[in-house]
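structure_10.txt, holding compact mmCIF, C-alpha atoms and all ligand atoms:
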# COMPACT_ATOMS: atom_id res chain seq x y z
CA MET A 1 -27.99 -10.35 -4.07
CA ASP A 2 -26.78 -6.80 -4.81
CA ARG A 3 -30.39 -5.65 -5.04
CA ILE A 4 -31.20 -7.22 -1.65
CA LEU A 5 -28.15 -5.53 -0.12
CA SER A 6 -29.07 -2.12 -1.52
CA LEU A 7 -32.63 -2.56 -0.17
CA ILE A 8 -31.25 -3.40 3.29
CA ARG A 9 -28.96 -0.36 3.08
CA ALA A 10 -32.01 1.87 2.58
CA THR A 11 -33.45 0.75 5.96
CA PRO A 12 -32.38 1.53 9.57
CA PHE A 13 -30.12 -1.55 9.30
CA GLY A 14 -28.20 0.25 6.57
CA TYR A 15 -27.90 3.33 8.77
CA ALA A 16 -26.67 1.20 11.68
CA GLU A 17 -24.12 -0.47 9.39
CA GLU A 18 -22.83 2.96 8.35
CA VAL A 19 -22.54 4.08 12.00
CA VAL A 20 -20.58 0.93 12.91
CA LYS A 21 -18.30 1.38 9.89
CA ALA A 22 -17.61 5.02 10.78
CA PHE A 23 -16.81 3.97 14.36
CA LEU A 24 -14.41 1.25 13.19
CA ILE A 25 -12.68 3.69 10.84
CA ASN A 26 -12.24 6.14 13.71
CA VAL A 27 -10.72 3.37 15.84
CA LEU A 28 -8.12 2.75 13.12
CA ARG A 29 -7.45 6.48 12.85
CA THR A 30 -6.08 6.50 16.40
CA GLY A 31 -3.05 4.49 15.23
CA PRO A 32 -0.58 4.60 12.37
CA ILE A 33 -2.15 4.37 8.91
CA PRO A 34 -0.49 2.58 5.99
CA SER A 35 0.32 4.71 2.94
CA HIS A 36 0.09 2.09 0.23
CA LEU A 37 -1.95 -1.11 0.10
CA SER A 38 -1.80 -3.64 -2.69
CA PHE A 39 -4.18 -6.48 -3.55
CA VAL A 40 -4.01 -9.72 -5.50
CA MET A 41 -7.73 -10.26 -6.02
CA ASP A 42 -7.70 -14.02 -6.27
CA GLY A 43 -10.65 -16.41 -6.14
CA ASN A 44 -13.32 -14.91 -8.42
CA ARG A 45 -13.84 -18.09 -10.43
CA ARG A 46 -13.99 -20.31 -7.36
CA TYR A 47 -16.51 -17.91 -5.85
CA ALA A 48 -18.68 -18.14 -8.99
CA LYS A 49 -18.47 -21.94 -8.82
CA LYS A 50 -19.29 -22.00 -5.11
CA MET A 51 -22.34 -19.77 -5.61
CA GLY A 52 -23.46 -21.53 -8.81
CA LEU A 53 -23.05 -18.32 -10.83
CA PRO A 54 -21.74 -17.71 -14.34
CA LEU A 55 -18.01 -16.97 -14.37
CA ALA A 56 -18.57 -13.34 -15.39
CA ASP A 57 -20.65 -12.79 -12.24
CA GLY A 58 -17.72 -14.02 -10.13
CA HIS A 59 -15.49 -11.32 -11.64
CA SER A 60 -18.28 -8.76 -11.27
CA ALA A 61 -18.64 -9.65 -7.57
CA GLY A 62 -14.85 -9.20 -7.35
CA ALA A 63 -15.17 -5.68 -8.72
CA ASN A 64 -17.87 -4.86 -6.11
CA ALA A 65 -15.65 -6.19 -3.33
CA LEU A 66 -12.87 -3.94 -4.60
CA ALA A 67 -15.15 -0.89 -4.38
CA ASP A 68 -15.96 -1.80 -0.75
CA VAL A 69 -12.30 -2.25 0.21
CA LEU A 70 -11.18 0.93 -1.57
CA GLN A 71 -13.85 2.93 0.23
CA LEU A 72 -12.45 1.78 3.56
CA CYS A 73 -8.87 2.55 2.47
CA PHE A 74 -9.58 6.04 1.19
CA ARG A 75 -11.96 7.01 4.03
CA LEU A 76 -9.22 5.97 6.41
CA GLY A 77 -6.58 8.09 4.70
CA VAL A 78 -4.58 5.42 2.86
CA LYS A 79 -3.00 7.42 0.03
CA GLN A 80 -2.42 4.76 -2.60
CA ALA A 81 -3.78 1.37 -3.58
CA THR A 82 -2.57 -0.94 -6.32
CA VAL A 83 -4.68 -3.80 -7.64
CA TYR A 84 -3.40 -6.70 -9.72
CA ALA A 85 -6.28 -6.51 -12.15
CA PHE A 86 -4.75 -8.57 -14.96
CA SER A 87 -1.47 -10.43 -15.12
CA LYS A 88 0.27 -10.98 -18.45
CA GLU A 89 -0.21 -14.68 -17.64
CA ASN A 90 -3.99 -14.15 -17.74
CA PHE A 91 -3.80 -13.83 -21.54
CA LYS A 92 -3.52 -17.63 -21.54
CA ARG A 93 -7.17 -17.87 -20.40
CA PRO A 94 -9.98 -18.52 -22.90
CA LYS A 95 -10.57 -15.50 -25.14
CA ALA A 96 -14.18 -15.16 -23.96
CA GLU A 97 -13.00 -14.77 -20.33
CA VAL A 98 -10.27 -12.28 -21.30
CA ASP A 99 -12.85 -10.22 -23.24
CA THR A 100 -15.27 -10.36 -20.29
CA LEU A 101 -12.57 -9.15 -17.91
CA PHE A 102 -11.51 -6.32 -20.21
CA SER A 103 -15.03 -5.02 -20.72
CA LEU A 104 -15.81 -5.41 -17.00
CA MET A 105 -12.79 -3.33 -16.04
CA LYS A 106 -13.60 -0.68 -18.58
CA ASP A 107 -17.28 -0.53 -17.54
CA LYS A 108 -16.67 -0.59 -13.79
CA LEU A 109 -13.96 2.03 -14.01
CA LEU A 110 -16.15 4.25 -16.21
CA LEU A 111 -18.89 3.81 -13.64
CA ALA A 112 -16.51 4.81 -10.86
CA VAL A 113 -15.60 7.96 -12.73
CA THR A 114 -19.06 8.93 -13.92
CA GLU A 115 -22.28 7.58 -12.43
CA LYS A 116 -21.20 6.64 -8.92
CA GLU A 117 -18.77 9.55 -8.71
CA PHE A 118 -16.40 7.36 -6.72
CA CYS A 119 -13.33 9.19 -8.01
CA GLU A 120 -14.77 12.63 -7.30
CA ASN A 121 -16.04 11.70 -3.82
CA PHE A 122 -12.72 10.22 -2.82
CA ASN A 123 -10.57 12.68 -4.76
CA CYS A 124 -9.00 9.67 -6.42
CA ARG A 125 -7.18 9.44 -9.69
CA VAL A 126 -6.77 6.24 -11.67
CA ARG A 127 -3.44 5.28 -13.22
CA ILE A 128 -2.82 2.27 -15.43
CA ILE A 129 0.51 0.55 -14.81
CA GLY A 130 1.47 -2.19 -17.23
CA ASP A 131 2.21 -2.97 -20.83
CA ARG A 132 -0.25 -0.79 -22.75
CA ASN A 133 0.78 -2.38 -26.06
CA MET A 134 -1.12 -5.50 -25.00
CA ILE A 135 -4.43 -3.69 -24.37
CA PRO A 136 -6.93 -3.70 -27.28
CA ALA A 137 -7.13 -0.22 -28.84
CA ASP A 138 -10.79 0.46 -27.91
CA VAL A 139 -10.27 -0.54 -24.26
CA LEU A 140 -7.02 1.46 -24.05
CA LYS A 141 -8.75 4.55 -25.45
CA ASP A 142 -11.38 4.41 -22.68
CA LEU A 143 -8.84 3.67 -19.96
CA GLU A 144 -6.63 6.58 -21.04
CA ARG A 145 -9.68 8.85 -21.00
CA ILE A 146 -10.37 7.72 -17.44
CA GLU A 147 -6.75 8.52 -16.55
CA ALA A 148 -7.03 11.97 -18.13
CA ASP A 149 -10.42 12.72 -16.51
CA THR A 150 -9.22 11.75 -13.04
CA ALA A 151 -5.77 13.39 -13.26
CA LYS A 152 -7.22 16.41 -11.40
CA TYR A 153 -7.86 14.32 -8.26
CA THR A 154 -4.67 14.26 -6.24
CA GLU A 155 -5.49 13.01 -2.73
CA HIS A 156 -5.64 9.29 -3.51
CA THR A 157 -4.35 7.13 -6.34
CA LEU A 158 -5.64 3.81 -7.57
CA PHE A 159 -2.93 2.06 -9.58
CA PHE A 160 -4.47 -0.44 -11.90
CA ALA A 161 -1.89 -3.11 -12.77
CA PHE A 162 -3.10 -4.15 -16.17
CA PRO A 163 -1.55 -6.15 -17.94
CA TYR A 164 1.30 -6.43 -15.54
CA THR A 165 4.06 -8.55 -14.06
CA SER A 166 6.91 -7.30 -11.89
CA ARG A 167 9.59 -8.89 -14.04
CA ASP A 168 8.19 -7.16 -17.11
CA ASP A 169 8.17 -3.87 -15.16
CA ILE A 170 11.84 -4.34 -14.20
CA ALA A 171 12.79 -5.20 -17.82
CA HIS A 172 10.79 -2.16 -19.04
CA ALA A 173 12.64 0.10 -16.57
CA MET A 174 16.01 -1.32 -17.70
CA ARG A 175 15.18 -0.67 -21.35
CA SER A 176 14.21 2.92 -20.68
CA ILE A 177 17.34 3.54 -18.56
CA VAL A 178 19.60 2.08 -21.26
CA LYS A 179 17.96 4.39 -23.83
CA LYS A 180 18.55 7.40 -21.57
CA VAL A 181 22.22 6.44 -21.14
CA GLU A 182 22.60 6.01 -24.92
CA ASN A 183 21.04 9.45 -25.48
CA GLU A 184 23.40 10.86 -22.85
CA GLU A 185 20.46 12.00 -20.72
CA LEU A 186 21.80 9.88 -17.89
CA ASP A 187 25.25 8.95 -16.64
CA ALA A 188 25.56 5.16 -16.12
CA ASP A 189 27.54 5.73 -12.88
CA GLU A 190 24.61 7.63 -11.44
CA ILE A 191 22.08 4.81 -11.80
CA SER A 192 20.57 4.20 -8.37
CA GLU A 193 17.51 2.57 -6.80
CA GLN A 194 15.69 5.85 -7.34
CA THR A 195 16.56 5.77 -11.07
CA MET A 196 14.91 2.35 -11.28
CA GLU A 197 11.83 3.61 -9.43
CA ASN A 198 11.51 6.61 -11.73
CA ASN A 199 11.51 4.30 -14.75
CA PHE A 200 8.96 1.75 -13.58
CA TYR A 201 5.41 1.94 -14.94
CA TYR A 202 4.70 3.79 -11.67
CA ASN A 203 6.96 6.68 -12.88
CA GLY A 204 8.34 7.09 -9.39
CA GLU A 205 4.92 8.08 -8.05
CA ALA A 206 4.33 5.15 -5.71
CA GLU A 207 5.23 4.89 -2.06
CA LYS A 208 6.66 1.61 -0.84
CA VAL A 209 3.97 -0.99 -0.25
CA ASP A 210 3.04 -1.36 3.43
CA ILE A 211 0.60 -4.27 3.09
CA LEU A 212 0.23 -6.74 0.26
CA VAL A 213 -2.92 -8.85 0.49
CA ARG A 214 -3.48 -12.02 -1.49
CA THR A 215 -6.81 -13.75 -1.05
CA SER A 216 -8.12 -17.27 -1.65
CA GLY A 217 -5.46 -19.24 0.21
CA HIS A 218 -2.74 -19.18 -2.45
CA THR A 219 0.61 -18.34 -0.89
CA ARG A 220 2.66 -17.11 -3.83
CA LEU A 221 3.48 -13.69 -5.24
CA SER A 222 2.77 -14.51 -8.91
CA ASP A 223 5.38 -12.07 -10.20
CA TYR A 224 3.88 -9.08 -8.39
CA MET A 225 5.35 -6.35 -6.14
CA LEU A 226 8.82 -7.94 -6.37
CA TRP A 227 10.52 -4.54 -6.18
CA GLN A 228 7.88 -2.52 -4.33
CA SER A 229 7.79 -4.82 -1.29
CA HIS A 230 10.46 -3.57 1.08
CA GLN A 231 12.03 -4.71 4.34
CA GLU A 232 8.95 -3.71 6.33
CA SER A 233 6.17 -4.72 3.93
CA VAL A 234 3.68 -7.12 5.45
CA ILE A 235 2.31 -9.87 3.22
CA GLU A 236 -1.10 -11.09 4.26
CA PHE A 237 -2.34 -14.36 2.78
CA SER A 238 -6.06 -14.62 3.45
CA ASN A 239 -8.10 -17.79 2.93
CA VAL A 240 -11.17 -15.77 1.97
CA LEU A 241 -12.11 -15.69 -1.74
CA TRP A 242 -11.70 -12.16 -3.14
CA PRO A 243 -15.43 -11.41 -3.67
CA GLU A 244 -15.94 -12.20 0.03
CA TYR A 245 -13.02 -10.03 1.15
CA LYS A 246 -14.91 -6.91 2.18
CA PHE A 247 -14.86 -4.08 4.72
CA CYS A 248 -14.50 -6.34 7.80
CA GLN A 249 -11.68 -8.46 6.41
CA ALA A 250 -9.78 -5.41 5.15
CA TRP A 251 -10.38 -3.63 8.48
CA TRP A 252 -8.91 -6.57 10.40
CA THR A 253 -5.86 -6.71 8.11
CA ILE A 254 -5.18 -2.99 8.61
CA PHE A 255 -5.88 -3.22 12.36
CA GLN A 256 -3.24 -5.94 12.79
CA TRP A 257 -0.72 -3.98 10.74
CA SER A 258 -1.44 -0.86 12.80
CA TYR A 259 -1.12 -2.76 16.11
CA PHE A 260 2.27 -4.26 15.24
CA LYS A 261 3.44 -0.95 13.75
CA THR A 262 2.57 0.78 17.05
CA LEU A 263 4.63 -1.82 18.96
CA ALA A 264 7.53 -1.31 16.55
CA ILE A 265 7.34 2.49 16.99
CA GLN A 266 7.28 2.09 20.79
CA ASP A 267 10.25 -0.29 20.64
CA ALA A 268 12.18 2.21 18.52
CA GLU A 269 11.37 4.99 21.03
CA VAL A 270 12.56 2.87 23.98
CA MET A 271 15.78 2.02 22.11
CA GLU A 272 16.32 5.73 21.38
CA LEU A 273 15.79 6.60 25.07
CA LYS A 274 18.21 3.88 26.14
CA LYS A 275 20.79 5.21 23.68
CA VAL A 276 20.44 8.77 25.01
CA GLU A 277 20.69 7.50 28.62
CA LYS A 278 23.80 5.46 27.80
CA GLU A 279 25.43 8.51 26.17
CA SER A 280 24.75 10.69 29.21
CA VAL A 281 26.14 8.08 31.65
CA LYS A 282 29.22 7.77 29.44
CA GLU A 283 29.61 11.57 29.48
CA ARG A 284 29.34 11.69 33.29
CA TYR A 285 32.06 9.09 33.70
CA THR A 286 34.38 10.58 31.13
CA ASP A 287 34.39 14.08 32.73
CA PRO A 288 38.07 15.03 33.24
CA ILE A 289 39.25 14.39 36.83
CA PRO A 290 39.96 17.81 38.45
CA ASN A 291 43.55 18.66 39.31
CA MET A 292 43.61 18.75 43.14
CA ASN A 293 46.64 21.11 43.25
CA THR A 294 44.98 23.91 41.35
CA ILE A 295 41.50 23.53 42.74
CA GLN A 296 40.32 26.53 44.77
CA HIS A 297 38.60 25.40 47.97
CA PRO A 298 36.02 27.66 49.47
CA PRO A 299 37.38 29.21 52.73
CA PHE A 300 35.27 27.04 55.03
CA ALA A 301 36.60 23.91 53.42
CA SER A 302 40.19 24.91 53.07
CA VAL A 303 42.79 22.82 54.84
CA THR A 304 45.21 24.79 56.93
CA LYS A 305 48.70 23.61 57.48
CA VAL A 306 48.93 21.65 60.72
CA THR A 307 52.09 22.46 62.63
CA LYS A 308 53.52 20.00 65.05
CA PRO A 309 53.44 21.30 68.67
CA GLU A 310 56.95 21.85 70.07
C1 LIG B 401 -8.13 -13.70 -10.11
O1 LIG B 401 -9.15 -14.62 -9.73
C2 LIG B 401 -8.73 -12.44 -10.60
C3 LIG B 401 -8.52 -11.91 -11.81
C4 LIG B 401 -7.65 -12.50 -12.83
C5 LIG B 401 -9.18 -10.67 -12.23
C6 LIG B 401 -9.39 -9.67 -11.15
C7 LIG B 401 -10.35 -8.68 -11.65
C8 LIG B 401 -11.39 -8.19 -10.97
C9 LIG B 401 -11.67 -8.46 -9.56
C10 LIG B 401 -12.29 -7.27 -11.66
C11 LIG B 401 -11.74 -5.92 -11.39
C12 LIG B 401 -12.45 -4.89 -12.11
C13 LIG B 401 -12.40 -3.64 -11.68
C14 LIG B 401 -12.98 -2.52 -12.39
C15 LIG B 401 -11.73 -3.33 -10.47
P1 LIG B 401 -9.30 -15.93 -10.61
O2 LIG B 401 -10.10 -15.59 -11.82
O3 LIG B 401 -7.93 -16.46 -10.91
O4 LIG B 401 -10.12 -16.90 -9.71
P2 LIG B 401 -9.65 -18.33 -9.20
O5 LIG B 401 -8.41 -18.09 -8.38
O6 LIG B 401 -10.81 -18.80 -8.38
O7 LIG B 401 -9.39 -19.19 -10.39

Written form, structure tokens:
Amino acid sequence: MDRILSLIRATPFGYAEEVVKAFLINVLRTGPIPSHLSFVMDGNRRYAKKMGLPLADGHSAGANALADVLQLCFRLGVKQATVYAFSKENFKRPKAEVDTLFSLMKDKLLLAVTEKEFCENFNCRVRIIGDRNMIPADVLKDLERIEADTAKYTEHTLFFAFPYTSRDDIAHAMRSIVKKVENEELDADEISEQTMENNFYYNGEAEKVDILVRTSGHTRLSDYMLWQSHQESVIEFSNVLWPEYKFCQAWWTIFQWSYFKTLAIQDAEVMELKKVEKESVKERYTDPIPNMNTIQHPPFASVTKVTKPE
């Protein structure tokens, strides 16, 4: 399938596809652009089953879909993306599948850094967020090399949540804060939301998440983005299986976010105008009433004393 697609891309159809994509990206650029997108890439195994493929090919198709979506994000100007690549819960899967996933991530990420020059082209660094103690030593060594090699790219960041859960992240932050208080590096009374953020696996480097996408029709958070979702984060549950969630689906998700964000910005502007107007009316009506005895009339308006005729 991939080979057929790359053949099509080498023809005028491929060129036309690129022109349409560039146009659609420019359309999105006319509106607000999210800073941070996050993805729960769910549905790889069901996709493999649906297509009659081995399970590993389902995950591999998932990795290709991710490359497609990230290209859109970074070309558009989205600064950060986080992907839930492996939950701590996923360790309960058969060892063969866990091993496949680990080597796939390592290989695809290496490919992104080296052969396909994805990271260089998009000026994108890769950061692993998660419990590194759970990653096999050989995989961790490669992943940390990828982190070091891409540290020079500063425009975009791909946070790779691996192995990760939000509750583990919160517990990890608490442990590191307690240690800092014990070592008198931190005053307990000064612990704030920002202190928590600085001690997450993100190290305080992540913006709040604007859009969280979960594919495949499951409508749960699965212990992900519990802190990073804020009062304005949009959660998009898509029925599409992750390997089928590509440029068009991601474009539509961002378009909707951008449309509603524009309405919200306009609403806020109207409210601000109304507030200013209200203030000025209030000011007009609270002007002190002039004292009529001291007021100096211009000569033509002065009132002369009327004397009664004798
Ligand atoms: C959930 O679908 C997906 C995962 C547990 C792994 C996600 C990993 C990838 C897409 C590969 C990423 C690799 C790189 C380099 C980005 P599932 O397996 O639970 O499928 P199901 O919901 O159909 O059971």

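With only C-alpha atoms taken into account, the protein and nucleic acid residues at most 12 Å from Glu144 of chain A (excluding it and anything under 6 positions from it in its own chain) are Lys106, Leu109, Leu110, Arg125, Val126, Arg127, Ile128, Ile129, Arg132, Ile135, Ala137, Asp138, Thr150, Ala151 and Phe160 of chain A.
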
Q) At what distance in Å, to one decimal, does atom CA of Phe102 of chain A lie from atom CA of Pro54 of chain A? A) 16.4 Å

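Pairwise distance (atom CA of Phe23 of chain A, atom CA of Cys73 of chain A) equals 14.4 Å.
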
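Distance annotation: of A:Ala22, A:Ala148, A:Leu143, A:Leu221, the residue with the minimal separation from Phe237 of chain A is A:Leu221; atom set is only C-alpha atoms.
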
Put a box with edges along x, y and z around all the listed atoms of segment 157-163 of chain A, pad it by 5 Å on each side, then give me its centre and sizes in Å, one decimal, as lines of an AutoDock Vina configuration file.
center_x = -3.6
center_y = 0.5
center_z = -12.1
size_x = 14.1
size_y = 23.3
size_z = 21.6
